[in-house]
>>> print(open('start-v2.txt').read())   # compact mmCIF, C-alpha atoms and all ligand atoms
# COMPACT_ATOMS: atom_id res chain seq x y z
CA MET A 1248 -70.27 50.88 -71.07
CA SER A 1249 -68.58 47.78 -69.74
CA THR A 1250 -70.24 44.37 -69.74
CA THR A 1251 -69.22 41.73 -67.20
CA MET A 1252 -69.18 38.13 -68.37
CA ALA A 1253 -70.48 35.47 -65.98
CA PRO A 1254 -67.68 33.05 -65.03
CA PRO A 1255 -67.99 29.61 -66.68
CA PRO A 1256 -69.78 27.07 -64.47
CA LYS A 1257 -67.41 24.98 -62.39
CA LYS A 1258 -67.08 21.32 -63.36
CA THR A 1259 -68.46 19.05 -60.67
CA ASN A 1260 -69.03 15.33 -60.21
CA ARG A 1261 -72.28 13.49 -59.50
CA ILE A 1262 -72.34 14.66 -55.84
CA GLY A 1263 -71.67 18.28 -56.82
CA LEU A 1264 -68.00 18.47 -55.75
CA GLU A 1265 -65.14 19.97 -57.71
CA VAL A 1266 -61.93 18.01 -58.16
CA LEU A 1267 -60.33 20.42 -55.66
CA SER A 1268 -62.32 18.70 -52.90
CA TYR A 1269 -60.39 15.49 -53.62
CA LYS A 1270 -56.93 17.02 -53.48
CA GLY A 1271 -54.66 17.27 -50.45
CA GLY A 1272 -51.65 19.35 -49.44
CA LYS A 1273 -48.83 20.25 -51.80
CA THR A 1274 -46.43 17.33 -52.24
CA THR A 1275 -43.01 17.45 -50.60
CA LEU A 1276 -41.77 14.38 -52.52
CA CYS A 1277 -39.08 14.69 -55.23
CA ALA A 1278 -40.22 16.09 -58.59
CA GLY A 1279 -40.79 13.10 -60.91
CA CYS A 1280 -41.30 10.58 -58.08
CA GLY A 1281 -43.72 7.84 -59.21
CA HIS A 1282 -45.63 8.20 -55.92
CA ASN A 1283 -46.87 11.67 -57.01
CA SER A 1284 -48.49 10.19 -60.14
CA ILE A 1285 -50.27 7.57 -58.02
CA SER A 1286 -51.70 10.32 -55.78
CA GLU A 1287 -53.02 12.06 -58.91
CA ARG A 1288 -54.73 8.85 -60.09
CA ILE A 1289 -56.33 8.42 -56.64
CA VAL A 1290 -57.70 11.98 -56.78
CA GLU A 1291 -59.16 11.42 -60.28
CA SER A 1292 -60.66 8.02 -59.47
CA PHE A 1293 -62.44 9.13 -56.30
CA TYR A 1294 -63.65 12.32 -58.04
CA ASP A 1295 -64.91 10.46 -61.13
CA LEU A 1296 -66.84 7.94 -59.06
CA GLY A 1297 -68.29 10.67 -56.81
CA VAL A 1298 -67.11 9.05 -53.57
CA GLU A 1299 -67.96 11.20 -50.53
CA PRO A 1300 -64.48 12.12 -49.24
CA TRP A 1301 -65.64 12.44 -45.62
CA LYS A 1302 -66.61 8.75 -45.75
CA VAL A 1303 -63.04 7.69 -46.62
CA ALA A 1304 -60.37 6.65 -44.12
CA LYS A 1305 -56.73 6.81 -45.27
CA PHE A 1306 -54.03 4.72 -43.63
CA SER A 1307 -50.27 4.50 -44.08
CA GLY A 1308 -47.04 3.38 -42.42
CA ILE A 1309 -43.68 5.16 -42.75
CA GLY A 1310 -41.76 6.05 -45.93
CA CYS A 1311 -42.01 8.52 -48.82
CA SER A 1312 -44.97 6.44 -50.03
CA SER A 1313 -46.61 6.57 -46.62
CA LYS A 1314 -46.38 10.37 -46.64
CA SER A 1315 -48.49 10.57 -49.78
CA PRO A 1316 -51.99 10.34 -48.17
CA ALA A 1317 -51.28 13.92 -47.04
CA TYR A 1318 -51.34 14.89 -50.74
CA PHE A 1319 -54.79 13.53 -51.68
CA LEU A 1320 -58.31 13.51 -50.20
CA GLY A 1321 -57.76 16.33 -47.76
CA LEU A 1322 -61.38 16.12 -46.54
CA SER A 1323 -61.00 12.46 -45.51
CA HIS A 1324 -59.98 10.92 -42.21
CA GLY A 1325 -56.35 9.80 -41.95
CA PHE A 1326 -53.99 7.82 -39.72
CA ASN A 1327 -50.25 7.80 -40.45
CA SER A 1328 -49.10 4.84 -38.33
CA VAL A 1329 -45.81 3.10 -37.50
CA HIS A 1330 -43.43 1.51 -40.07
CA GLY A 1331 -44.96 -1.77 -41.27
CA ARG A 1332 -47.92 -1.65 -38.89
CA MET A 1333 -50.60 -0.01 -41.02
CA PRO A 1334 -52.60 -3.26 -41.55
CA SER A 1335 -53.44 -3.64 -37.86
CA VAL A 1336 -54.51 0.00 -37.53
CA ALA A 1337 -56.64 -0.29 -40.69
CA THR A 1338 -58.17 -3.56 -39.42
CA GLY A 1339 -59.14 -2.00 -36.09
CA ALA A 1340 -60.64 1.06 -37.76
CA GLY A 1341 -62.45 -1.04 -40.36
CA LEU A 1342 -64.00 -3.27 -37.72
CA ALA A 1343 -65.06 -0.28 -35.62
CA ASN A 1344 -66.86 1.37 -38.53
CA ARG A 1345 -67.87 -0.64 -41.58
CA ASN A 1346 -69.45 2.38 -43.28
CA MET A 1347 -66.13 4.00 -44.16
CA LEU A 1348 -64.22 3.23 -47.35
CA GLY A 1349 -60.64 2.39 -46.38
CA ILE A 1350 -57.56 3.09 -48.49
CA GLY A 1351 -54.06 2.19 -47.31
CA VAL A 1352 -50.90 3.45 -49.00
CA THR A 1353 -47.63 1.73 -48.22
CA GLY A 1354 -44.14 1.14 -49.63
CA ASP A 1355 -42.28 -2.03 -50.59
CA GLY A 1356 -40.17 -1.67 -47.45
CA ASP A 1357 -43.24 -0.94 -45.34
CA THR A 1358 -45.08 -4.00 -46.71
CA ALA A 1359 -42.48 -6.59 -47.73
CA SER A 1360 -39.56 -5.87 -45.36
CA ILE A 1361 -40.52 -4.74 -41.84
CA GLY A 1362 -44.26 -5.19 -42.42
CA LEU A 1363 -44.34 -8.63 -44.01
CA GLY A 1364 -45.99 -10.37 -41.05
CA GLN A 1365 -48.76 -7.79 -40.87
CA PHE A 1366 -49.29 -7.98 -44.64
CA MET A 1367 -49.70 -11.79 -44.54
CA HIS A 1368 -52.42 -11.58 -41.89
CA LEU A 1369 -54.20 -8.86 -43.83
CA LEU A 1370 -54.27 -11.13 -46.89
CA ARG A 1371 -56.08 -13.99 -45.15
CA ARG A 1372 -58.75 -11.77 -43.58
CA ASN A 1373 -60.31 -10.07 -46.62
CA LEU A 1374 -60.81 -6.78 -44.80
CA PRO A 1375 -62.54 -4.30 -47.15
CA LEU A 1376 -59.53 -2.07 -47.93
CA ILE A 1377 -57.81 -0.72 -51.02
CA TYR A 1378 -54.16 -1.54 -50.35
CA VAL A 1379 -51.77 0.32 -52.65
CA ILE A 1380 -48.10 -0.70 -52.56
CA GLU A 1381 -45.92 2.04 -54.07
CA ASN A 1382 -43.13 -0.29 -55.11
CA ASN A 1383 -39.74 1.20 -56.02
CA GLY A 1384 -37.50 -1.62 -54.78
CA VAL A 1385 -35.71 0.63 -52.29
CA TYR A 1386 -36.17 2.44 -49.00
CA GLY A 1387 -36.53 5.90 -50.59
CA LEU A 1388 -36.98 7.84 -47.35
CA THR A 1389 -33.76 6.49 -45.79
CA LYS A 1390 -31.70 7.09 -48.94
CA GLY A 1391 -31.97 4.09 -51.19
CA GLN A 1392 -31.09 0.78 -49.50
CA PHE A 1393 -32.50 -2.35 -51.24
CA SER A 1394 -35.91 -3.50 -50.00
CA ALA A 1395 -37.23 -7.07 -50.07
CA THR A 1396 -38.86 -6.53 -53.50
CA ALA A 1397 -35.55 -5.67 -55.23
CA ASP A 1398 -34.81 -8.18 -57.99
CA LEU A 1399 -31.88 -10.56 -57.77
CA GLY A 1400 -28.92 -8.96 -59.56
CA SER A 1401 -30.37 -5.46 -59.69
CA LYS A 1402 -27.84 -2.74 -59.03
CA LEU A 1403 -27.75 0.33 -56.76
CA LYS A 1404 -26.42 3.62 -58.12
CA THR A 1405 -23.28 2.95 -56.07
CA GLY A 1406 -22.73 -0.31 -58.02
CA VAL A 1407 -23.79 -2.61 -55.14
CA LEU A 1408 -25.56 -5.74 -56.46
CA ASN A 1409 -28.59 -7.32 -54.80
CA ASP A 1410 -27.74 -10.95 -54.11
CA LEU A 1411 -31.10 -12.02 -52.61
CA PRO A 1412 -34.26 -13.11 -54.46
CA PRO A 1413 -37.28 -10.77 -54.18
CA PHE A 1414 -40.68 -11.16 -52.58
CA ASP A 1415 -43.30 -10.62 -55.25
CA CYS A 1416 -46.22 -8.94 -53.44
CA CYS A 1417 -48.75 -10.16 -56.04
CA SER A 1418 -47.61 -13.78 -55.71
CA LEU A 1419 -47.81 -13.48 -51.91
CA ALA A 1420 -51.30 -11.98 -52.20
CA LEU A 1421 -52.45 -14.80 -54.50
CA SER A 1422 -50.95 -17.49 -52.27
CA TRP A 1423 -52.52 -16.17 -49.08
CA GLY A 1424 -56.08 -15.69 -50.29
CA ALA A 1425 -56.48 -12.08 -51.49
CA THR A 1426 -59.68 -11.65 -53.52
CA PHE A 1427 -58.40 -8.84 -55.77
CA VAL A 1428 -54.81 -8.69 -56.99
CA ALA A 1429 -53.52 -6.24 -59.58
CA ARG A 1430 -50.24 -4.78 -60.72
CA SER A 1431 -49.74 -1.50 -62.51
CA PHE A 1432 -47.11 1.12 -63.25
CA SER A 1433 -47.19 4.72 -62.01
CA GLY A 1434 -46.53 5.84 -65.60
CA ASP A 1435 -49.62 4.06 -67.00
CA LYS A 1436 -52.36 6.56 -66.30
CA LYS A 1437 -55.26 4.73 -67.95
CA GLN A 1438 -54.54 1.28 -66.53
CA LEU A 1439 -53.90 2.50 -62.99
CA GLN A 1440 -57.05 4.62 -62.95
CA ALA A 1441 -59.20 1.69 -64.16
CA ILE A 1442 -57.67 -0.61 -61.52
CA LEU A 1443 -58.25 1.93 -58.73
CA LYS A 1444 -61.87 2.44 -59.74
CA THR A 1445 -62.48 -1.30 -59.81
CA ALA A 1446 -60.86 -1.60 -56.38
CA ILE A 1447 -63.19 1.10 -54.98
CA ALA A 1448 -66.13 -1.12 -55.99
CA HIS A 1449 -64.57 -4.40 -54.77
CA ASN A 1450 -66.09 -6.04 -51.72
CA GLY A 1451 -62.98 -7.07 -49.79
CA LEU A 1452 -59.24 -6.50 -49.84
CA SER A 1453 -57.78 -5.12 -53.09
CA VAL A 1454 -54.02 -5.47 -53.33
CA ILE A 1455 -52.55 -3.16 -55.98
CA ASP A 1456 -48.80 -3.40 -56.48
CA VAL A 1457 -47.75 -0.29 -58.42
CA ILE A 1458 -44.21 -0.11 -59.76
CA SER A 1459 -43.35 3.47 -58.84
CA PRO A 1460 -39.80 4.50 -59.72
CA CYS A 1461 -37.70 6.40 -57.19
CA VAL A 1462 -35.98 9.05 -59.31
CA ALA A 1463 -33.51 9.88 -56.54
CA PHE A 1464 -32.14 6.38 -55.82
CA ASN A 1465 -33.42 3.68 -58.21
CA ASN A 1466 -33.96 4.97 -61.74
CA HIS A 1467 -30.63 4.10 -63.40
CA PRO A 1468 -29.50 1.38 -65.85
CA GLY A 1469 -29.16 -1.86 -63.86
CA SER A 1470 -32.35 -1.20 -61.87
CA THR A 1471 -35.44 -3.30 -62.66
CA LYS A 1472 -37.72 -0.67 -61.06
CA SER A 1473 -36.73 2.24 -63.33
CA PHE A 1474 -39.05 4.02 -65.79
CA ASP A 1475 -37.05 2.69 -68.75
CA TYR A 1476 -36.97 -0.92 -67.53
CA VAL A 1477 -40.70 -1.08 -66.77
CA ARG A 1478 -41.65 0.57 -70.09
CA ALA A 1479 -39.51 -1.93 -71.99
CA HIS A 1480 -40.70 -5.05 -70.10
CA ASN A 1481 -44.34 -4.26 -69.28
CA GLU A 1482 -46.61 -7.19 -70.29
CA ALA A 1483 -50.28 -6.36 -69.60
CA VAL A 1484 -52.51 -9.45 -69.35
CA ASN A 1485 -55.72 -7.49 -69.92
CA GLN A 1486 -57.10 -4.07 -70.66
CA LEU A 1487 -59.74 -2.74 -68.26
CA ASP A 1488 -62.80 -0.63 -68.61
CA PHE A 1489 -64.81 0.17 -65.47
CA MET A 1490 -68.37 1.48 -65.45
CA VAL A 1491 -70.54 2.43 -62.50
CA GLU A 1492 -74.04 0.99 -62.51
CA ARG A 1493 -75.75 4.03 -64.02
CA GLU A 1494 -73.39 4.46 -66.99
CA ALA A 1495 -74.39 3.20 -70.42
CA ILE A 1496 -72.20 0.36 -71.64
CA ILE A 1497 -70.50 1.46 -74.85
CA ALA A 1498 -68.77 -1.43 -76.59
CA ASP A 1499 -65.36 -0.28 -77.73
CA PHE A 1500 -63.75 -3.70 -77.48
CA ALA A 1501 -63.95 -6.32 -80.20
CA PRO A 1502 -66.64 -8.92 -79.37
CA GLY A 1503 -65.30 -12.28 -78.34
CA THR A 1504 -62.26 -10.88 -76.53
CA VAL A 1505 -64.26 -9.23 -73.76
CA GLU A 1506 -65.33 -10.63 -70.42
CA THR A 1507 -67.78 -8.81 -68.16
CA VAL A 1508 -67.47 -9.05 -64.37
CA THR A 1509 -70.28 -7.56 -62.27
CA GLN A 1510 -69.26 -6.22 -58.87
CA HIS A 1511 -71.43 -6.55 -55.75
CA ASP A 1512 -72.73 -2.97 -56.12
CA GLY A 1513 -73.89 -3.54 -59.69
CA SER A 1514 -70.97 -1.74 -61.33
CA VAL A 1515 -69.42 -3.52 -64.27
CA LEU A 1516 -65.84 -4.32 -65.09
CA ARG A 1517 -65.00 -5.22 -68.67
CA LEU A 1518 -61.79 -7.06 -69.32
CA ARG A 1519 -60.26 -7.34 -72.74
CA LYS A 1520 -57.88 -10.27 -72.80
CA LEU A 1521 -54.44 -9.43 -74.12
CA ALA A 1522 -52.78 -12.69 -73.09
CA THR A 1523 -55.24 -15.26 -74.47
CA ASP A 1524 -54.07 -18.00 -72.05
CA TYR A 1525 -54.68 -15.81 -68.98
CA ASP A 1526 -57.67 -16.42 -66.68
CA PRO A 1527 -58.10 -13.80 -63.90
CA HIS A 1528 -60.39 -16.15 -61.92
CA ASP A 1529 -57.90 -19.00 -61.61
CA ARG A 1530 -55.63 -18.34 -58.64
CA ILE A 1531 -53.19 -21.16 -59.38
CA SER A 1532 -52.66 -20.36 -63.05
CA ALA A 1533 -52.36 -16.65 -62.20
CA LEU A 1534 -49.51 -17.56 -59.84
CA THR A 1535 -47.83 -19.76 -62.44
CA HIS A 1536 -48.12 -17.08 -65.12
CA LEU A 1537 -46.65 -14.41 -62.83
CA GLN A 1538 -43.69 -16.54 -61.88
CA GLN A 1539 -42.97 -17.76 -65.41
CA ARG A 1540 -43.03 -14.23 -66.84
CA HIS A 1541 -40.96 -12.85 -63.95
CA ALA A 1542 -38.31 -15.49 -64.68
CA ALA A 1543 -38.27 -14.17 -68.27
CA GLY A 1544 -37.62 -10.63 -66.95
CA GLU A 1545 -41.13 -9.30 -67.70
CA VAL A 1546 -43.23 -7.08 -65.44
CA VAL A 1547 -46.76 -8.51 -65.66
CA THR A 1548 -49.45 -5.85 -65.16
CA GLY A 1549 -53.26 -5.71 -65.24
CA LEU A 1550 -56.00 -7.25 -63.13
CA LEU A 1551 -54.31 -10.52 -62.17
CA PHE A 1552 -57.06 -12.07 -60.04
CA VAL A 1553 -60.57 -11.19 -58.93
CA GLU A 1554 -63.16 -13.09 -56.92
CA ALA A 1555 -66.19 -10.78 -56.78
CA ASP A 1556 -68.56 -12.71 -54.52
CA HIS A 1557 -66.38 -13.89 -51.62
CA GLY A 1558 -67.54 -12.84 -48.12
CA ASP A 1559 -65.44 -10.18 -46.38
CA LEU A 1560 -64.16 -9.96 -42.79
CA HIS A 1561 -67.47 -8.47 -41.62
CA THR A 1562 -69.31 -11.50 -42.99
CA PHE A 1563 -66.94 -13.93 -41.24
CA LEU A 1564 -67.11 -12.08 -37.88
CA ASP A 1565 -70.78 -11.12 -38.15
CA THR A 1566 -69.99 -7.54 -37.11
CA VAL A 1567 -72.66 -4.96 -36.27
CA GLU A 1568 -73.88 -2.66 -39.06
CA ARG A 1569 -73.69 0.46 -36.92
CA PRO A 1570 -70.31 2.05 -36.13
CA LEU A 1571 -69.20 1.22 -32.58
CA ASN A 1572 -69.15 4.92 -31.63
CA ALA A 1573 -72.87 5.12 -32.47
CA LEU A 1574 -73.84 2.34 -30.05
CA GLY A 1575 -75.26 3.25 -26.67
CA GLU A 1576 -74.01 2.06 -23.28
CA ALA A 1577 -76.68 -0.63 -23.05
CA GLU A 1578 -75.51 -2.19 -26.33
CA LEU A 1579 -71.83 -1.90 -25.51
CA CYS A 1580 -72.16 -3.23 -21.93
CA PRO A 1581 -74.52 -6.24 -21.96
CA PRO A 1582 -76.04 -7.19 -18.58
CA ILE A 1583 -74.58 -9.93 -16.37
CA GLU A 1584 -77.28 -12.39 -17.57
CA ALA A 1585 -75.93 -12.07 -21.12
CA LEU A 1586 -72.44 -13.01 -19.86
CA ASP A 1587 -73.92 -15.98 -17.98
CA ARG A 1588 -75.69 -17.17 -21.14
CA TYR A 1589 -72.46 -16.79 -23.14
CA ASN A 1590 -70.49 -18.78 -20.56
CA VAL A 1591 -73.02 -21.62 -20.68
CA VAL A 1592 -72.77 -21.85 -24.49
CA HIS A 1593 -68.96 -21.53 -24.62
CA ARG A 1594 -68.07 -23.52 -21.50
C1 LIG A 1601 -39.40 0.75 -36.74
C2 LIG A 1601 -38.69 1.54 -37.79
N1 LIG A 1601 -37.60 1.00 -38.40
C3 LIG A 1601 -36.94 1.70 -39.35
C4 LIG A 1601 -37.36 2.97 -39.68
C5 LIG A 1601 -36.58 3.75 -40.73
N2 LIG A 1601 -37.29 3.81 -41.99
C6 LIG A 1601 -38.11 4.84 -42.27
S1 LIG A 1601 -38.81 4.71 -43.78
C7 LIG A 1601 -37.99 3.26 -44.07
C8 LIG A 1601 -38.14 2.51 -45.37
C9 LIG A 1601 -39.19 3.05 -46.28
O1 LIG A 1601 -39.19 2.32 -47.47
P1 LIG A 1601 -40.51 2.06 -48.26
O2 LIG A 1601 -41.57 1.52 -47.40
O3 LIG A 1601 -40.15 1.23 -49.45
O4 LIG A 1601 -40.99 3.52 -48.70
P2 LIG A 1601 -40.38 4.54 -49.77
O5 LIG A 1601 -39.68 5.57 -48.96
O6 LIG A 1601 -39.46 3.80 -50.67
O7 LIG A 1601 -41.57 5.04 -50.48
C10 LIG A 1601 -37.19 2.90 -43.00
C11 LIG A 1601 -36.34 1.69 -42.96
C12 LIG A 1601 -38.50 3.49 -39.02
N3 LIG A 1601 -38.98 4.70 -39.32
N4 LIG A 1601 -39.13 2.76 -38.09
S1 LIG A 1602 -36.47 9.70 -52.42
FE1 LIG A 1602 -37.36 8.44 -54.04
S2 LIG A 1602 -39.26 7.63 -53.18
FE2 LIG A 1602 -38.63 9.39 -51.91
S3 LIG A 1602 -39.69 11.17 -52.77
FE3 LIG A 1602 -37.67 11.06 -53.74
S4 LIG A 1602 -38.01 9.89 -55.62
FE4 LIG A 1602 -39.76 9.51 -54.30
MG MG A 1603 -39.74 1.83 -51.38
>>> encode(input="start-v2.txt", output="structure tokens")
Amino acid sequence: MSTTMAPPPKKTNRIGLEVLSYKGGKTTLCAGCGHNSISERIVESFYDLGVEPWKVAKFSGIGCSSKSPAYFLGLSHGFNSVHGRMPSVATGAGLANRNMLGIGVTGDGDTASIGLGQFMHLLRRNLPLIYVIENNGVYGLTKGQFSATADLGSKLKTGVLNDLPPFDCCSLALSWGATFVARSFSGDKKQLQAILKTAIAHNGLSVIDVISPCVAFNNHPGSTKSFDYVRAHNEAVNQLDFMVEREAIIADFAPGTVETVTQHDGSVLRLRKLATDYDPHDRISALTHLQQRHAAGEVVTGLLFVEADHGDLHTFLDTVERPLNALGEAELCPPIEALDRYNVVHR
């Protein structure tokens, strides 16, 4: 007589989905590319928090990094735009429907070279968007030319030296008003996951600069964006622990070194200070710290700046709650009297 065993129950998250529902297509990027690890952290973070994938909109530009939204959140909406122009597409989509959670994935070339102008305008608007820069210092897709984030003096595999100073995306974000600025490393699973989860809860733009080595073109001695260089020079300013509202707070950090930041949705971020002189609420000293440590050759990581209660672009523009595609003709086309009233007020 044969007995059949019931299969073990499948592991699901708080909305009953398996992790498979948060995955995408099979990656076509190089084996070992940092961008693949970032996709994995995105899958885990959205699964762990039980985000409804069909309420997520993914955006990207052009590059190996910009291909990666195809490899996570396959049930979400997606728009792969033009090189360096993702911010304007994400802004339009965000304004048209404020009920979607936006995530943009971009490269250092996409953001800091061709897309710099678009990035600067995104920073001053505080659009609710998780903006992940997969930063490898080169144009991976077009075979390894230096991008605008390559450090002065860093070397290509061919021996060519970079003789221009870099744009530091975190310093730019701090200077131009971003309300959430973080840096991580694709090889630091725990830190990157905690930063992504915090960004999901943040009310506004979250800029996350992730050093993500390109194993094909920028992972050799002489590169400052290689796995070995970042591991040897990584200076985390804090250690993060993120809890959604309903989770019990278990204190695993020594008292006195921990700061608690409550997000607008009631979730809690706990920060353990590693650099005692570092204050993640002081924009100016965050900038100074970043630049001083960069001059010393260090890669500063962690949550660099957060302002939890700043209004977002919807607050400034007083946008409608309902998505534009759910409004009827009468709401979208006001009568001529409404135009007359408007012209009187704005004459
Ligand atoms: C308007 C335009 N200019 C140039 C290109 C060629 N191009 C494609 S990807 C790319 C750079 C991508 O670099 P990055 O954003 O750093 O992404 P990575 O491939 O390194 O992840 C360039 C220059 C293009 N596709 N469109
Ligand atoms: S070329 Fe570089 S950036 Fe592109 S997939 Fe390969 S390792 Fe990644
Ligand atoms: Mg790049």
>>> residues_around(input="start-v2.txt", residues="A:Ile1442", least_positions_apart="5", cutoff="12 Å", atoms="only C-alpha atoms", output="short mmCIF file (atom, residue, chain, number, x, y, z; two decimals) with C-alpha atoms, in the frame of the given file")
data_model
loop_
_atom_site.label_atom_id
_atom_site.label_comp_id
_atom_site.auth_asym_id
_atom_site.auth_seq_id
_atom_site.Cartn_x
_atom_site.Cartn_y
_atom_site.Cartn_z
CA ILE A 1285 -50.27 7.57 -58.02
CA ARG A 1288 -54.73 8.85 -60.09
CA ILE A 1289 -56.33 8.42 -56.64
CA SER A 1292 -60.66 8.02 -59.47
CA ILE A 1377 -57.81 -0.72 -51.02
CA TYR A 1378 -54.16 -1.54 -50.35
CA VAL A 1379 -51.77 0.32 -52.65
CA PHE A 1427 -58.40 -8.84 -55.77
CA VAL A 1428 -54.81 -8.69 -56.99
CA ALA A 1429 -53.52 -6.24 -59.58
CA ARG A 1430 -50.24 -4.78 -60.72
CA SER A 1431 -49.74 -1.50 -62.51
CA PHE A 1432 -47.11 1.12 -63.25
CA SER A 1433 -47.19 4.72 -62.01
CA ASP A 1435 -49.62 4.06 -67.00
CA LYS A 1436 -52.36 6.56 -66.30
CA LYS A 1437 -55.26 4.73 -67.95
CA ILE A 1447 -63.19 1.10 -54.98
CA ALA A 1448 -66.13 -1.12 -55.99
CA HIS A 1449 -64.57 -4.40 -54.77
CA SER A 1453 -57.78 -5.12 -53.09
CA VAL A 1454 -54.02 -5.47 -53.33
CA ILE A 1455 -52.55 -3.16 -55.98
CA ASP A 1456 -48.80 -3.40 -56.48
CA VAL A 1457 -47.75 -0.29 -58.42
CA ASN A 1485 -55.72 -7.49 -69.92
CA GLN A 1486 -57.10 -4.07 -70.66
CA LEU A 1487 -59.74 -2.74 -68.26
CA ASP A 1488 -62.80 -0.63 -68.61
CA PHE A 1489 -64.81 0.17 -65.47
CA MET A 1490 -68.37 1.48 -65.45
CA LEU A 1516 -65.84 -4.32 -65.09
CA ARG A 1517 -65.00 -5.22 -68.67
CA LEU A 1518 -61.79 -7.06 -69.32
CA THR A 1548 -49.45 -5.85 -65.16
CA GLY A 1549 -53.26 -5.71 -65.24
CA LEU A 1550 -56.00 -7.25 -63.13
CA LEU A 1551 -54.31 -10.52 -62.17
CA PHE A 1552 -57.06 -12.07 -60.04
CA VAL A 1553 -60.57 -11.19 -58.93
#
>>> closest_residue(input="start-v2.txt", among="A:Ser1394, A:Leu1320, A:Asn1373, A:Val1303", to="A:Ile1350", atoms="all atoms listed in the file")
A:Val1303
>>> residues_around(input="start-v2.txt", residues="stretch 1296-1301 of chain A", least_positions_apart="2", cutoff="6 Å", atoms="only C-alpha atoms", output="ChimeraX atom specification")
/A:1260-1262,1293-1294,1303,1322-1323
>>> residues_near_ligand(input="start-v2.txt", ligand="ligand LIG 1602 (chain A)", cutoff="6 Å", atoms="only C-alpha atoms and all ligand atoms", output="number ranges by chain")
A: 1276-1277, 1280, 1311, 1387-1388, 1461-1464
>>> atom_distance(input="start-v2.txt", atom1="atom CA of A:Pro1468", atom2="atom CA of A:Gln1538")
23.2 Å
>>> residues_around(input="start-v2.txt", residues="A:Gly1384", least_positions_apart="2", cutoff="8 Å", atoms="all atoms listed in the file", output="mmCIF file with C-alpha atoms, in the frame of the given file")
data_model
loop_
_atom_site.group_PDB
_atom_site.id
_atom_site.type_symbol
_atom_site.label_atom_id
_atom_site.label_comp_id
_atom_site.auth_asym_id
_atom_site.auth_seq_id
_atom_site.Cartn_x
_atom_site.Cartn_y
_atom_site.Cartn_z
ATOM 1 C CA ASP A 1355 -42.280 -2.030 -50.590
ATOM 2 C CA GLY A 1356 -40.170 -1.670 -47.450
ATOM 3 C CA ASN A 1382 -43.130 -0.290 -55.110
ATOM 4 C CA TYR A 1386 -36.170 2.440 -49.000
ATOM 5 C CA PHE A 1393 -32.500 -2.350 -51.240
ATOM 6 C CA SER A 1394 -35.910 -3.500 -50.000
ATOM 7 C CA ALA A 1395 -37.230 -7.070 -50.070
ATOM 8 C CA THR A 1396 -38.860 -6.530 -53.500
ATOM 9 C CA ALA A 1397 -35.550 -5.670 -55.230
ATOM 10 C CA ASP A 1398 -34.810 -8.180 -57.990
ATOM 11 C CA ASN A 1465 -33.420 3.680 -58.210
ATOM 12 C CA LYS A 1472 -37.720 -0.670 -61.060
#
>>> closest_residue(input="start-v2.txt", among="A:Asn1283, A:Asn1383, A:Asn1450, A:Thr1523", to="A:Val1505", atoms="all atoms listed in the file")
A:Thr1523
>>> atom_distance(input="start-v2.txt", atom1="atom CA of A:Ala1425", atom2="atom CA of A:Gly1321")
28.7 Å
>>> axis_aligned_box(input="start-v2.txt", around="ligand LIG 1601 (chain A)", padding_each_side="8 Å", output="AutoDock Vina command-line options")
--center_x -39.0 --center_y 3.2 --center_z -43.7 --size_x 21.2 --size_y 20.8 --size_z 29.9
>>> residues_around(input="start-v2.txt", residues="A:Gly1339", least_positions_apart="6", cutoff="12 Å", atoms="all atoms listed in the file", output="list in words")
Ala1304, Phe1306, Phe1326, Arg1332, Met1333, Arg1345, Gly1349, Leu1369, Leu1374, Pro1375, Leu1376, Leu1560, His1561, Pro1570 and Leu1571 of chain A
>>> closest_residue(input="start-v2.txt", among="A:Lys1305, A:His1330, A:Arg1530, A:His1324", to="ligand LIG 1601 (chain A)", atoms="only C-alpha atoms and all ligand atoms")
A:His1330
>>> atom_distance(input="start-v2.txt", atom1="atom CA of A:Gly1341", atom2="atom O4 of ligand LIG 1601 (chain A)")
23.5 Å
>>> closest_residue(input="start-v2.txt", among="A:Leu1267, A:Ile1458, A:Leu1421, A:Leu1537", to="ligand MG 1603 (chain A)", atoms="all atoms listed in the file")
A:Ile1458
>>> closest_residue(input="start-v2.txt", among="A:Ile1531, A:Val1329, A:Ile1583, A:Val1407", to="A:Gly1424", atoms="only C-alpha atoms")
A:Ile1531
>>> residues_around(input="start-v2.txt", residues="A:Lys1314", least_positions_apart="4", cutoff="9 Å", atoms="all atoms listed in the file", output="VMD selection string")
chain A and resid 1274 to 1276 1307 to 1310 1318 1327 1352 to 1353
>>> residues_near_point(input="start-v2.txt", point="(-42.1, 5.9, -64.5)", cutoff="6 Å", atoms="all atoms listed in the file", output="list in words")
Gly1281, Ser1433, Gly1434, Pro1460 and Phe1474 of chain A
>>> closest_residue(input="start-v2.txt", among="A:Asn1572, A:Thr1445, A:Ser1470, A:Thr1358", to="A:Thr1509", atoms="only C-alpha atoms")
A:Thr1445
